[in-house]
$ cat entry27.cif   # mmCIF, C-alpha atoms
data_work
#
loop_
_atom_site.label_atom_id
_atom_site.label_comp_id
_atom_site.auth_asym_id
_atom_site.auth_seq_id
_atom_site.Cartn_x
_atom_site.Cartn_y
_atom_site.Cartn_z
CA MET A 1 -64.63 100.72 215.51
CA ALA A 2 -62.37 100.59 218.59
CA ALA A 3 -63.28 102.69 221.62
CA ASP A 4 -62.26 106.33 221.34
CA PRO A 5 -59.57 107.05 223.96
CA ASP A 6 -60.68 110.70 224.12
CA GLU A 7 -64.40 110.05 224.54
CA GLU A 8 -64.62 110.37 228.34
CA LEU A 9 -62.35 113.41 228.41
CA VAL A 10 -64.39 115.20 225.76
CA ARG A 11 -67.59 114.40 227.66
CA ARG A 12 -66.12 116.02 230.79
CA VAL A 13 -65.01 119.06 228.78
CA GLY A 14 -68.53 119.32 227.43
CA ALA A 15 -69.85 119.28 231.00
CA GLY A 16 -67.58 122.25 231.82
CA ASP A 17 -64.94 120.46 233.93
CA PRO A 18 -61.88 122.81 234.13
CA ALA A 19 -59.47 119.93 234.94
CA ALA A 20 -60.60 118.11 231.80
CA VAL A 21 -60.00 121.28 229.78
CA GLN A 22 -56.41 121.41 231.03
CA THR A 23 -55.84 117.73 230.27
CA LEU A 24 -57.26 118.07 226.77
CA VAL A 25 -55.07 121.08 225.99
CA ALA A 26 -51.98 119.25 227.28
CA ARG A 27 -52.86 116.17 225.25
CA LYS A 28 -53.85 117.74 221.95
CA LEU A 29 -52.04 121.06 221.64
CA PRO A 30 -48.60 119.61 220.75
CA ARG A 31 -50.16 117.45 218.01
CA ILE A 32 -52.32 120.22 216.62
CA LEU A 33 -49.47 122.73 216.61
CA ALA A 34 -47.02 120.29 215.00
CA LEU A 35 -49.56 119.50 212.28
CA ALA A 36 -50.21 123.19 211.54
CA VAL A 37 -46.52 124.16 211.61
CA ARG A 38 -45.64 121.48 209.08
CA MET A 39 -48.65 122.21 206.89
CA LEU A 40 -48.09 125.97 206.80
CA GLY A 41 -44.34 126.25 207.34
CA ASP A 42 -45.01 129.27 209.54
CA ALA A 43 -44.97 129.05 213.34
CA ALA A 44 -47.01 132.22 214.00
CA GLU A 45 -49.78 131.22 211.61
CA ALA A 46 -49.74 127.73 213.06
CA GLU A 47 -50.34 129.14 216.56
CA ASP A 48 -53.37 131.05 215.24
CA VAL A 49 -54.69 127.84 213.70
CA ALA A 50 -54.15 125.96 216.98
CA GLN A 51 -56.14 128.61 218.87
CA GLU A 52 -58.96 128.53 216.32
CA THR A 53 -59.05 124.74 216.50
CA PHE A 54 -59.51 124.86 220.26
CA VAL A 55 -62.30 127.43 219.95
CA ARG A 56 -64.11 124.92 217.75
CA ILE A 57 -63.40 122.16 220.26
CA TRP A 58 -64.92 124.18 223.13
CA ARG A 59 -67.91 125.02 220.96
CA HIS A 60 -68.63 121.42 219.93
CA ALA A 61 -67.50 119.43 222.99
CA SER A 62 -70.92 119.42 224.69
CA GLY A 63 -72.59 118.09 221.54
CA TRP A 64 -69.85 115.61 220.65
CA ARG A 65 -71.16 112.13 219.95
CA TYR A 66 -68.80 109.20 219.48
CA GLY A 67 -69.71 107.12 216.46
CA ASN A 68 -69.20 109.24 213.37
CA ALA A 69 -65.44 109.57 213.79
CA ARG A 70 -62.82 109.42 216.52
CA PHE A 71 -62.31 112.72 218.27
CA ASP A 72 -58.64 112.87 217.21
CA THR A 73 -59.62 112.34 213.57
CA TRP A 74 -62.18 115.16 213.82
CA VAL A 75 -59.61 117.48 215.45
CA HIS A 76 -57.09 116.75 212.69
CA ARG A 77 -59.75 117.42 210.05
CA VAL A 78 -60.65 120.77 211.66
CA THR A 79 -56.98 121.76 211.87
CA LEU A 80 -56.33 120.80 208.25
CA ASN A 81 -59.39 122.76 207.06
CA LEU A 82 -58.15 125.84 208.92
CA CYS A 83 -54.70 125.36 207.35
CA TYR A 84 -56.31 125.13 203.91
CA ASP A 85 -58.20 128.38 204.55
CA ARG A 86 -54.87 130.07 205.22
CA LEU A 87 -53.15 128.50 202.22
CA ARG A 88 -56.05 129.71 200.03
CA ARG A 89 -55.80 133.21 201.50
CA ARG A 90 -52.08 133.26 200.72
CA ARG A 91 -52.86 132.41 197.09
CA GLU A 92 -55.53 135.11 196.92
CA TRP A 93 -53.05 137.70 198.12
CA VAL A 94 -50.81 136.95 195.18
CA THR A 95 -52.41 139.39 192.77
CA ASP A 96 -50.28 138.57 189.73
CA GLU A 97 -49.66 135.19 188.20
CA VAL A 98 -49.35 132.37 190.71
CA PRO A 99 -46.05 130.54 190.21
CA ASP A 100 -46.41 126.87 189.33
CA VAL A 101 -43.37 125.94 191.35
CA ALA A 102 -42.85 126.86 194.98
CA ASP A 103 -40.50 129.78 195.56
CA PRO A 104 -37.07 128.23 196.16
CA ALA A 105 -35.98 131.21 198.28
CA PRO A 106 -35.48 130.36 201.94
CA LEU A 107 -38.41 131.00 204.28
CA PRO A 108 -38.04 134.10 206.51
CA ASP A 109 -36.90 132.11 209.53
CA ALA A 110 -34.86 129.56 207.62
CA HIS A 111 -31.17 129.00 208.27
CA PRO A 112 -29.70 127.93 204.95
CA GLY A 113 -27.70 124.75 205.00
CA GLU A 114 -29.42 123.20 208.00
CA GLU A 115 -30.99 119.87 207.25
CA ASP A 116 -34.25 120.51 209.10
CA HIS A 117 -34.84 123.72 207.16
CA ARG A 118 -34.17 121.96 203.89
CA VAL A 119 -36.78 119.37 204.76
CA LYS A 120 -39.16 122.13 205.85
CA GLN A 121 -38.76 123.88 202.51
CA ALA A 122 -39.03 120.63 200.60
CA LEU A 123 -42.32 119.85 202.38
CA GLN A 124 -43.64 123.27 201.39
CA GLY A 125 -42.59 122.54 197.82
CA ILE A 126 -44.81 119.50 197.31
CA ALA A 127 -48.57 119.44 196.66
CA PRO A 128 -50.60 120.16 199.82
CA ARG A 129 -52.52 116.89 199.53
CA GLN A 130 -49.26 114.89 199.43
CA ARG A 131 -47.92 117.00 202.29
CA GLU A 132 -51.03 116.23 204.38
CA ALA A 133 -50.65 112.49 203.80
CA ILE A 134 -46.96 112.46 204.74
CA ILE A 135 -47.50 114.60 207.85
CA LEU A 136 -50.37 112.43 209.10
CA VAL A 137 -48.63 109.09 208.61
CA TYR A 138 -45.04 110.06 209.23
CA TYR A 139 -45.14 112.84 211.82
CA GLN A 140 -48.55 112.43 213.47
CA GLU A 141 -48.01 108.66 213.51
CA MET A 142 -51.52 107.84 212.37
CA SER A 143 -52.30 104.40 211.03
CA ASN A 144 -53.15 104.14 207.34
CA ILE A 145 -56.83 103.70 208.22
CA GLU A 146 -56.92 106.76 210.51
CA ALA A 147 -55.06 108.91 207.98
CA ALA A 148 -57.35 107.82 205.15
CA ALA A 149 -60.40 108.61 207.34
CA THR A 150 -58.99 112.04 208.17
CA LEU A 151 -58.37 112.81 204.51
CA GLN A 152 -61.71 111.22 203.59
CA ILE A 153 -60.10 109.01 200.94
CA SER A 154 -59.51 105.28 200.49
CA VAL A 155 -56.40 103.56 201.81
CA ASP A 156 -55.27 102.93 198.20
CA ALA A 157 -55.56 106.64 197.44
CA LEU A 158 -53.60 107.41 200.60
CA GLU A 159 -50.81 105.04 199.54
CA SER A 160 -50.67 106.73 196.16
CA LEU A 161 -50.42 110.20 197.76
CA LEU A 162 -47.72 109.00 200.13
CA ALA A 163 -45.63 107.40 197.41
CA ARG A 164 -45.89 110.44 195.12
CA GLY A 165 -45.18 112.78 198.00
CA ARG A 166 -42.08 110.90 199.11
CA ARG A 167 -40.84 110.75 195.51
CA SER A 168 -41.30 114.52 195.15
CA LEU A 169 -39.50 115.17 198.43
CA GLN A 170 -36.63 112.94 197.37
CA THR A 171 -36.33 114.83 194.08
CA ILE A 172 -36.30 118.25 195.76
CA LEU A 173 -33.82 117.21 198.41
CA THR A 174 -31.50 115.55 195.88
CA ARG A 175 -31.59 118.72 193.75
CA ASP A 176 -30.75 120.78 196.84
CA ASP A 177 -27.82 118.49 197.58
CA ALA A 178 -26.53 118.97 194.03
CA ASP A 179 -26.87 122.79 194.33
CA GLU A 180 -24.77 122.88 197.51
CA MET B 1 -45.64 89.10 200.03
CA ASP B 2 -43.70 89.61 196.80
CA ALA B 3 -40.94 92.11 196.10
CA LYS B 4 -43.28 94.38 194.12
CA ARG B 5 -45.73 94.82 197.00
CA PHE B 6 -42.89 95.17 199.48
CA ALA B 7 -41.33 97.95 197.40
CA ALA B 8 -44.70 99.69 197.00
CA LEU B 9 -45.24 99.69 200.76
CA ALA B 10 -41.72 100.99 201.41
CA ALA B 11 -42.23 103.72 198.83
CA ALA B 12 -45.42 104.82 200.60
CA TYR B 13 -44.77 104.25 204.30
CA GLY B 14 -40.97 104.37 204.43
CA GLY B 15 -38.40 102.00 205.84
CA ASP B 16 -39.82 101.65 209.36
CA LEU B 17 -42.23 98.72 209.41
CA ARG B 18 -44.05 100.15 212.42
CA ARG B 19 -45.66 102.67 210.04
CA TRP B 20 -46.82 99.98 207.64
CA PRO B 21 -50.41 98.73 207.56
CA GLU B 22 -50.92 96.38 210.46
CA ALA B 23 -52.26 93.59 208.25
CA GLU B 24 -49.06 93.51 206.14
CA ARG B 25 -46.48 94.08 208.84
CA MET B 26 -45.85 90.41 209.59
CA ALA B 27 -45.35 89.42 205.96
CA GLY B 28 -43.22 92.52 205.50
CA THR B 29 -40.98 91.56 208.41
CA ILE B 30 -40.36 88.15 206.84
CA PHE B 31 -39.53 89.66 203.44
CA ALA B 32 -37.32 92.32 205.05
CA ALA B 33 -34.90 89.59 206.11
CA SER B 34 -34.12 88.85 202.45
CA GLU B 35 -31.35 90.64 200.57
CA ALA B 36 -33.83 92.42 198.30
CA GLY B 37 -35.96 93.46 201.27
CA GLU B 38 -32.97 94.83 203.11
CA ALA B 39 -31.91 96.92 200.11
CA ILE B 40 -35.40 98.36 199.65
CA LEU B 41 -35.69 99.32 203.32
CA LYS B 42 -32.23 100.88 203.32
CA HIS B 43 -33.15 103.07 200.37
CA ALA B 44 -36.45 104.15 201.99
CA GLY B 45 -34.68 104.75 205.29
CA THR B 46 -32.49 107.46 203.74
CA LEU B 47 -35.49 109.75 203.24
CA ASP B 48 -36.87 108.77 206.65
CA ALA B 49 -33.68 109.97 208.31
CA ARG B 50 -33.96 113.33 206.56
CA LEU B 51 -37.62 113.66 207.55
CA ASP B 52 -36.68 112.87 211.14
CA SER B 53 -34.45 115.93 211.25
CA TYR B 54 -37.46 118.25 210.93
CA ARG B 55 -38.58 118.75 214.50
CA VAL B 56 -41.18 121.23 215.72
CA ASP B 57 -40.81 123.16 218.96
CA ALA B 58 -43.19 122.28 221.76
CA PRO B 59 -45.98 124.82 222.36
CA GLY B 60 -44.89 127.76 224.51
CA LYS B 61 -46.44 128.74 227.84
CA ALA B 62 -48.02 131.84 226.27
CA LEU B 63 -49.97 129.77 223.73
CA HIS B 64 -50.98 127.29 226.42
CA GLY B 65 -52.16 130.15 228.61
CA SER B 66 -54.18 131.93 225.93
CA ILE B 67 -55.95 128.69 224.94
CA GLN B 68 -56.80 127.98 228.60
CA GLN B 69 -58.10 131.53 229.02
CA ALA B 70 -60.26 131.21 225.92
CA ALA B 71 -61.63 127.96 227.32
CA GLY B 72 -62.44 129.68 230.64
CA ARG B 73 -64.27 132.50 228.84
CA HIS B 74 -66.21 129.98 226.78
CA LEU B 75 -67.22 127.96 229.85
CA ILE B 76 -68.47 131.10 231.65
CA GLN B 77 -70.39 132.18 228.56
CA ARG B 78 -71.98 128.75 228.25
CA ARG B 79 -72.96 128.73 231.93
CA ARG B 80 -74.63 132.14 231.43
CA GLN B 81 -76.42 130.86 228.35
CA ARG B 82 -77.60 127.82 230.31
CA PHE B 83 -79.04 130.08 233.05
CA TRP B 84 -80.64 132.28 230.42
CA TRP B 85 -82.31 129.30 228.77
CA LEU B 86 -83.34 127.99 232.19
CA GLY B 87 -84.96 131.35 233.01
CA LEU B 88 -86.64 131.42 229.62
CA GLY B 89 -87.87 127.88 230.16
CA LEU B 90 -89.32 128.71 233.57
CA ALA B 91 -91.00 131.82 232.15
CA GLY B 92 -92.41 129.68 229.36
CA ILE B 93 -93.72 127.10 231.84
CA GLY B 94 -95.31 129.90 233.90
CA LEU B 95 -96.94 131.41 230.84
CA ALA B 96 -98.20 128.02 229.70
CA GLY B 97 -99.64 127.45 233.19
CA ALA B 98 -101.42 130.79 233.13
CA VAL B 99 -102.90 130.07 229.70
CA ALA B 100 -103.98 126.59 230.77
CA GLY B 101 -105.55 127.98 233.97
CA LEU B 102 -107.43 130.60 232.03
CA ALA B 103 -108.67 127.98 229.59
CA LEU B 104 -109.76 125.72 232.46
CA VAL B 105 -111.61 128.52 234.18
CA THR B 106 -113.36 129.38 230.95
CA VAL B 107 -114.44 125.78 230.35
CA VAL B 108 -115.43 124.77 233.91
CA THR B 109 -117.13 127.93 235.14
CA PRO B 110 -120.93 127.81 234.54
CA GLU B 111 -122.42 130.26 232.14
CA VAL B 112 -123.22 133.61 233.69
CA GLN B 113 -126.95 133.94 234.34
CA PRO B 114 -128.91 136.62 232.51
CA ASP B 115 -128.93 139.98 234.22
CA HIS B 116 -132.70 140.10 234.79
CA TYR B 117 -132.59 136.84 236.75
CA VAL B 118 -129.65 137.87 238.90
CA LEU B 119 -131.20 141.18 239.63
CA ASP B 120 -134.55 139.64 240.64
CA ALA B 121 -134.99 140.78 244.23
CA ASN B 122 -136.79 137.55 245.17
CA VAL B 123 -133.96 135.23 244.18
CA THR B 124 -131.55 134.11 246.92
CA ALA B 125 -129.00 131.39 247.19
CA PHE B 126 -131.78 129.13 248.52
CA GLY B 127 -134.12 129.72 245.62
CA ASP B 128 -136.96 132.01 244.83
CA THR B 129 -138.35 133.60 248.05
CA GLY B 130 -141.13 135.40 246.26
CA PRO B 131 -144.74 134.59 247.03
CA ASP B 132 -145.66 131.01 246.11
CA ARG B 133 -147.67 131.02 242.90
CA ASP B 134 -150.10 128.35 244.22
CA THR B 135 -150.66 130.27 247.41
CA ILE B 136 -151.40 133.37 245.44
CA GLU B 137 -153.97 131.51 243.40
CA GLU B 138 -155.65 130.16 246.58
CA ASP B 139 -155.73 133.61 248.06
CA LEU B 140 -157.51 134.81 245.01
#

$ encode --input "entry27.cif" --output "structure tokens"
Amino acid sequence: MAADPDEELVRRVGAGDPAAVQTLVARKLPRILALAVRMLGDAAEAEDVAQETFVRIWRHASGWRYGNARFDTWVHRVTLNLCYDRLRRRREWVTDEVPDVADPAPLPDAHPGEEDHRVKQALQGIAPRQREAIILVYYQEMSNIEAAATLQISVDALESLLARGRRSLQTILTRDDADE
Amino acid sequence: MDAKRFAALAAAYGGDLRRWPEAERMAGTIFAASEAGEAILKHAGTLDARLDSYRVDAPGKALHGSIQQAAGRHLIQRRRQRFWWLGLGLAGIGLAGAVAGLALVTVVTPEVQPDHYVLDANVTAFGDTGPDRDTIEEDL
């Protein structure tokens, strides 16, 4: 395994170095927030997830040992788990029958007709596992090996999720184009 | 690399070869120069372009600030905990020392002499100062 670029920084955070804390926040917050926003489709919830992720980072930094996984992989895993908790809670709040298909209505902060909001809705319309894979490889720019490690699956399984996810997105977006 | 594998990779990773697995990038680049490769990448690139349009705003100052504050609180709390454990450790060492000292004193100190011996008026630190038994016998 290649050296972890975050190892030294995390060690300093664990030792209580305030400058290292600032550097770590500057380095990781944009990635964590972007991941949560795209997973949840809700900026406010994503900010909560980002804060919770950092609480876990502060709690575990002093005991962090390089070897099991890269720090960035662990951070992504923590963020995704927190996102899944929220997605589960959303489902639990739906007291009646859960719809099989995502609600096609625009999200509260969506501006109909804008391409980025169409993509945002389309991402929310595919299976969460496929969404995770696409976000990690496409938006978080992880290598196939890193993404597979984060999702705790094989590279073949990752490729399958990616291909199915992209196909589903293409179908939703093409349907949207036809509806316009 | 054959067309089937090339298409499978494009379907999974998209039309930008920089996202492809490192081990297959070189072979992919060669195949991409072919007519079939070009068409496959063009098709995959259409979805890539749409995905590119979905940008996320950078974190605001407020979020940055609240995370930094939480970190500060956590660091202070941890420092306090460290002092607390240090104090507890020192107290433990002190207690262990006291117990060890007590045990040592108990083991090393000679057994206390019976009361009747200690209270014998003829016994001093230099021995028994009472009348010598032999002398007494001679006197008799």

$ interface_residues --input "entry27.cif" --of "chain B" --to "chain A" --cutoff "6 Å" --atoms "only C-alpha atoms" --output "ChimeraX atom specification"
/B:11-12,53-54,56

$ atom_distance --input "entry27.cif" --atom1 "CA of Ala23 (chain B)" --atom2 "CA of Ala7 (chain B)"
16.0 Å

$ atom_distance --input "entry27.cif" --atom1 "CA of Asp6 (chain A)" --atom2 "CA of Lys61 (chain B)"
23.3 Å

$ closest_residue --input "entry27.cif" --among "B:Lys4, B:Arg55, B:Arg50, B:Lys42" --to "Gly41 (chain A)" --atoms "all atoms listed in the file"
B:Arg55

$ closest_residue --input "entry27.cif" --among "A:Ala69, A:Leu40, A:Ala127, A:Ala157" --to "Tyr84 (chain A)" --atoms "all atoms listed in the file"
A:Leu40

$ residues_near_point --input "entry27.cif" --point "(-37.0, 96.9, 203.2)" --cutoff "8 Å" --atoms "only C-alpha atoms" --output "PyMOL selection string"
chain B and resi 6-7+10+15+28+31-32+36-44

$ atom_distance --input "entry27.cif" --atom1 "CA of Ser62 (chain A)" --atom2 "CA of Arg78 (chain B)"
10.0 Å

$ axis_aligned_box --input "entry27.cif" --around "region 166-175 of chain A" --padding-each-side "5 Å" --output "lines of an AutoDock Vina configuration file"
center_x = -36.8
center_y = 114.7
center_z = 196.4
size_x = 20.6
size_y = 18.0
size_z = 15.4

$ closest_residue --input "entry27.cif" --among "A:Gln121, A:Gly63, A:Arg56, A:Met39" --to "Arg86 (chain A)" --atoms "all atoms listed in the file"
A:Met39

$ closest_residue --input "entry27.cif" --among "A:Ala19, A:Ile153, A:Ile172, A:Ala147" --to "Asp72 (chain A)" --atoms "only C-alpha atoms"
A:Ala147
